[in-house]
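This report concerns only the one structure given below.
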Amino acid sequence: ADIMDATIGGFLHPGHLVNNFAVAYVTHVCIHTGTLGFGSAISLFAGIKTLDVANNPFFSSSSPSDFWGRRWNCLVHGVLKRGVYKPVRSMSQNAALAAIATFVASGVLHEY
């Protein structure tokens, strides 16, 4: 059996990078299509305006910060910012503590 080359060169191999990009893009398309359909149904039947989950992250991002902070999973970003970061920041006046608390909350959400 062929075992993947677990060196930096193996991870940076063009085939490996193209494969990872393709899987990430297909995942994004599936999530976007599902949430777009569900959001459209909610808008149609309940009259509630919904937000897009992602804002074309793969081709419109100008930096990693733009990708993760403004374009990828906008829903979770907004929930964590309003529900964890801002309250911790206002109580402690410490941006680093608020960022760590948000990172931990994100890890808990991703794990469970």
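Convention: chains lettered A, B, ... in structure tokens order; per-chain residue numbering from 1; ligands numbered from 1 as shown.
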At a cut-off of 7 Å, using only C-alpha atoms, what residues contact segment 97-107 of chain A? Leave out same-chain residues fewer than 3 positions from it and give the result as a compact mmCIF listing (two decimals) with N, CA, C and O atoms, in the first residue's frame.
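The resulting result-v6.txt:
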```
# COMPACT_ATOMS: atom_id res chain seq x y z
N LEU A 80 -20.49 33.98 17.31
CA LEU A 80 -19.36 34.00 18.25
C LEU A 80 -18.95 35.42 18.61
O LEU A 80 -18.59 35.70 19.76
N VAL A 84 -19.87 35.76 22.37
CA VAL A 84 -18.71 35.46 23.22
C VAL A 84 -17.75 36.64 23.25
O VAL A 84 -17.45 37.18 24.32
N TYR A 85 -17.25 37.05 22.08
CA TYR A 85 -16.18 38.05 22.04
C TYR A 85 -16.60 39.38 22.68
O TYR A 85 -15.92 39.88 23.58
N VAL A 88 -17.29 39.20 26.60
CA VAL A 88 -16.04 39.02 27.36
C VAL A 88 -15.19 40.27 27.28
O VAL A 88 -14.62 40.72 28.27
N ARG A 89 -15.15 40.88 26.11
CA ARG A 89 -14.36 42.11 25.94
C ARG A 89 -14.91 43.24 26.79
O ARG A 89 -14.17 44.00 27.42
N ASN A 94 -10.25 43.31 27.92
CA ASN A 94 -9.02 42.65 27.47
C ASN A 94 -9.31 41.92 26.15
O ASN A 94 -10.00 40.90 26.13
N HIS A 110 -17.04 23.14 17.44
CA HIS A 110 -16.56 22.26 16.37
C HIS A 110 -16.41 20.82 16.85
O HIS A 110 -16.58 19.88 16.07
N GLU A 111 -16.08 20.63 18.12
CA GLU A 111 -15.88 19.29 18.64
C GLU A 111 -17.22 18.59 18.88
O GLU A 111 -17.34 17.41 18.65
```
**OP:** Name all residues at most 12 Å from Gly39 of chain A (count only C-alpha atoms; drop same-chain ones fewer than 4 positions away) and give them as a PyMOL selection string.
**Re:** chain A and resi 31-35+43-53
Subject >> Shell of 9 Å around Asn56 of chain A, only C-alpha atoms, local chain residues under 3 positions omitted, as a PyMOL selection string >> reply: chain A and resi 59-61+67+71-72
**OP:** In Å, rounded to a single decimal, give me how far atom CA of Leu36 of chain A is from atom CA of Lys86 of chain A.
**Re:** 28.2 Å
**OP:** Using backbone DSSP assignments, extract all alpha helix (DSSP H) residues from chain A; output them as a count of residues only.
**Re:** 75
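Shortest separation to His77 of chain A among A:Ala54, A:Val29, A:Val23, A:Ala41 occurs at residue A:Ala54, atoms counted being only C-alpha atoms.
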